[in-house]
Every structure is written in structure tokens, then in C-alpha cells.
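Notes to accompany the following structure.
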Amino acid sequence: MSGNLLWEDVAAGQELPSLVKQPSKRQLVKYAGASGDFYEVHYDKDFAVEIGLPGLIVHGALKNAYLAQVVTDWMGPDGVLKKLSVKYRGTDIPDDALTCSGRVTKTYVDGDLHQVDCALSLTNGSGEQTTTGTATVVLPSRGG
């Protein structure tokens, strides 16, 4: 056995290892270029303030990627991220510590697939949950 996560080793209530991200203004500019999301609220502070924001805000899709990383780091190379969905409940600002976490909510077999559902959360440095989500992962099984 290779030490990869197996479906039989997962149970509802299990916590996924959390991940702390602290996106900088520079990272937001790089992400804008990589993603093609050049909305000024992510790199032009004056524009962001002018439209009523507290300053620059983190891309929603970047927060989505952070939550995906929590799941993919946990499931390992033999797992498959089948579905990922997030809801944005608040804005996040650069240089704030964003804690990304997850918890197993259900394990089940669907046909030949050994699946795991997870609840996901991104919490800012003030303790506010600004992004929530769900993921479904397919894991290998001892039974094949």
C-alpha cells in the first residue's frame, strides 16, 4: 500500500488539515494577469474606495482556489475532486490571514465510486466566515 488516503479511512466529522493564506497586493496583481480578471477592485485602491469598498479585495476565484487546495492536499494524488462549489458571503482584503478549512460530512458508495462530501470554509483574521463551500471527492478503496 502506498500510504495514500483510502475511502475506508475517512469518516463523517473528520477535519481536513487547515491552510492559512495571506494574499499580498502583489499576488492579487499576479492573479489578475493569470486569470484574466482585471476588475480594478483587485489592484486599484483608489477605484475600490471610490465605489464604496474598504480598499482592494481578494478575487473570489482565488478564494475558491484556496478551498480547492485544502481538499486536494488532503485527498492526495489518487483522489479525484469530482465537484466543488463555493458561496461568497463577504469580501477579504490583502495581507489578512485567511484560514481555509474543511470537514467530512458524508461518506458513501455510488455505483463503483467511493465518495466523500465535505463542507468548506474560509475565515478572515477577524473570525468572519466570508466564503463557504462544498466538495465531493472520489477516493480509492481497499476493495478496489
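Chain lettering (A, B, ...) mirrors the order of the C-alpha cells, residue numbering begins at 1 for each chain separately, and ligand numbering begins at 1 in order of display.
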Next item on the list: Could you find all residues in chain A that DSSP calls alpha helix (DSSP H) from the backbone, and write them as a ChimeraX atom specification?
Entry: /A:25-35,45-50,60-75
Write the residues of the selection above to a file with N, CA and C atoms, as a short mmCIF file (atom, residue, chain, number, x, y, z; two decimals), in the first residue's frame.
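File produced: again26.cif:
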```cif
data_model
loop_
_atom_site.label_atom_id
_atom_site.label_comp_id
_atom_site.auth_asym_id
_atom_site.auth_seq_id
_atom_site.Cartn_x
_atom_site.Cartn_y
_atom_site.Cartn_z
N LYS A 25 -0.85 42.24 -2.01
CA LYS A 25 -1.29 43.05 -3.16
C LYS A 25 -0.60 42.57 -4.43
N ARG A 26 0.66 42.23 -4.30
CA ARG A 26 1.41 41.72 -5.45
C ARG A 26 0.78 40.43 -5.99
N GLN A 27 0.37 39.52 -5.08
CA GLN A 27 -0.26 38.28 -5.53
C GLN A 27 -1.56 38.57 -6.26
N LEU A 28 -2.32 39.57 -5.81
CA LEU A 28 -3.57 39.91 -6.49
C LEU A 28 -3.30 40.38 -7.91
N VAL A 29 -2.24 41.17 -8.10
CA VAL A 29 -1.88 41.63 -9.44
C VAL A 29 -1.47 40.43 -10.31
N LYS A 30 -0.67 39.54 -9.75
CA LYS A 30 -0.26 38.34 -10.50
C LYS A 30 -1.48 37.48 -10.85
N TYR A 31 -2.40 37.33 -9.89
CA TYR A 31 -3.58 36.52 -10.14
C TYR A 31 -4.46 37.16 -11.21
N ALA A 32 -4.56 38.49 -11.19
CA ALA A 32 -5.33 39.18 -12.23
C ALA A 32 -4.78 38.83 -13.61
N GLY A 33 -3.44 38.85 -13.73
CA GLY A 33 -2.82 38.53 -15.00
C GLY A 33 -3.02 37.08 -15.40
N ALA A 34 -2.90 36.17 -14.43
CA ALA A 34 -3.03 34.74 -14.72
C ALA A 34 -4.47 34.35 -15.06
N SER A 35 -5.42 34.99 -14.40
CA SER A 35 -6.83 34.60 -14.57
C SER A 35 -7.55 35.43 -15.62
N LYS A 45 -6.51 50.69 -5.65
CA LYS A 45 -7.12 51.03 -4.36
C LYS A 45 -8.04 52.25 -4.48
N ASP A 46 -7.63 53.27 -5.21
CA ASP A 46 -8.46 54.46 -5.35
C ASP A 46 -9.81 54.12 -5.98
N PHE A 47 -9.80 53.29 -7.01
CA PHE A 47 -11.04 52.88 -7.65
C PHE A 47 -11.91 52.11 -6.67
N ALA A 48 -11.31 51.17 -5.94
CA ALA A 48 -12.06 50.35 -4.99
C ALA A 48 -12.74 51.22 -3.93
N VAL A 49 -12.00 52.17 -3.39
CA VAL A 49 -12.56 53.07 -2.37
C VAL A 49 -13.65 53.95 -2.97
N GLU A 50 -13.44 54.41 -4.19
CA GLU A 50 -14.41 55.27 -4.87
C GLU A 50 -15.77 54.59 -5.03
N GLY A 60 -12.64 36.50 -5.83
CA GLY A 60 -13.44 35.37 -5.38
C GLY A 60 -12.89 34.05 -5.89
N ALA A 61 -12.46 34.03 -7.15
CA ALA A 61 -11.94 32.79 -7.72
C ALA A 61 -10.64 32.36 -7.04
N LEU A 62 -9.87 33.30 -6.51
CA LEU A 62 -8.66 32.94 -5.78
C LEU A 62 -9.03 32.27 -4.46
N LYS A 63 -10.07 32.78 -3.80
CA LYS A 63 -10.55 32.14 -2.56
C LYS A 63 -11.07 30.74 -2.87
N ASN A 64 -11.74 30.58 -4.01
CA ASN A 64 -12.20 29.28 -4.46
C ASN A 64 -11.01 28.33 -4.61
N ALA A 65 -9.94 28.82 -5.22
CA ALA A 65 -8.74 28.01 -5.41
C ALA A 65 -8.12 27.60 -4.07
N TYR A 66 -8.14 28.51 -3.09
CA TYR A 66 -7.61 28.18 -1.77
C TYR A 66 -8.40 27.02 -1.15
N LEU A 67 -9.72 27.07 -1.27
CA LEU A 67 -10.55 25.99 -0.71
C LEU A 67 -10.32 24.69 -1.48
N ALA A 68 -10.14 24.79 -2.78
CA ALA A 68 -9.82 23.59 -3.57
C ALA A 68 -8.51 22.98 -3.10
N GLN A 69 -7.53 23.82 -2.77
CA GLN A 69 -6.25 23.31 -2.31
C GLN A 69 -6.37 22.55 -1.00
N VAL A 70 -7.24 23.02 -0.10
CA VAL A 70 -7.47 22.29 1.15
C VAL A 70 -7.89 20.86 0.83
N VAL A 71 -8.81 20.72 -0.11
CA VAL A 71 -9.34 19.39 -0.45
C VAL A 71 -8.30 18.55 -1.19
N THR A 72 -7.65 19.13 -2.19
CA THR A 72 -6.71 18.34 -2.99
C THR A 72 -5.46 17.95 -2.20
N ASP A 73 -5.00 18.82 -1.30
CA ASP A 73 -3.88 18.45 -0.43
C ASP A 73 -4.26 17.26 0.45
N TRP A 74 -5.49 17.28 0.97
CA TRP A 74 -5.97 16.23 1.88
C TRP A 74 -6.18 14.91 1.15
N MET A 75 -6.81 14.95 -0.03
CA MET A 75 -7.19 13.71 -0.71
C MET A 75 -6.02 12.98 -1.31
#
```
Notebook entry, point to check: Would you give me, as a PyMOL selection string, the residues in region 8-134 of chain A that DSSP reads as strand (DSSP E or B)?
Noted result: chain A and resi 15-21+80-88+98-110+113-123+129-134
Next item on the list: Find the spatial neighbours of Ser24 (chain A), counting only C-alpha atoms, within a cut-off of 9 Å - ignore same-chain residues fewer than 6 positions away - and output them as an NGL selection string.
Entry: :A and (93-96)
Notebook entry, point to check: Which residue, A:Gly144, A:Gly76, A:Gly36, A:Gly13, has the smallest gap to Leu113 (chain A) when you use only C-alpha atoms?
Noted result: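 Smallest distance to Leu113 (chain A) is found for A:Gly144.
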Check: If you measure from CA of Tyr39 (chain A) to CA of Leu81 (chain A), what distance in Å do you get, rounded to one decimal?
Finding: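 Going from CA of Tyr39 (chain A) over to CA of Leu81 (chain A) covers 28.6 Å.
When only C-alpha atoms are used to measure the gap to Glu15 (chain A), the shortest distance among A:Gly90, A:Gly55, A:Pro77, A:Gly102 belongs to A:Gly102.
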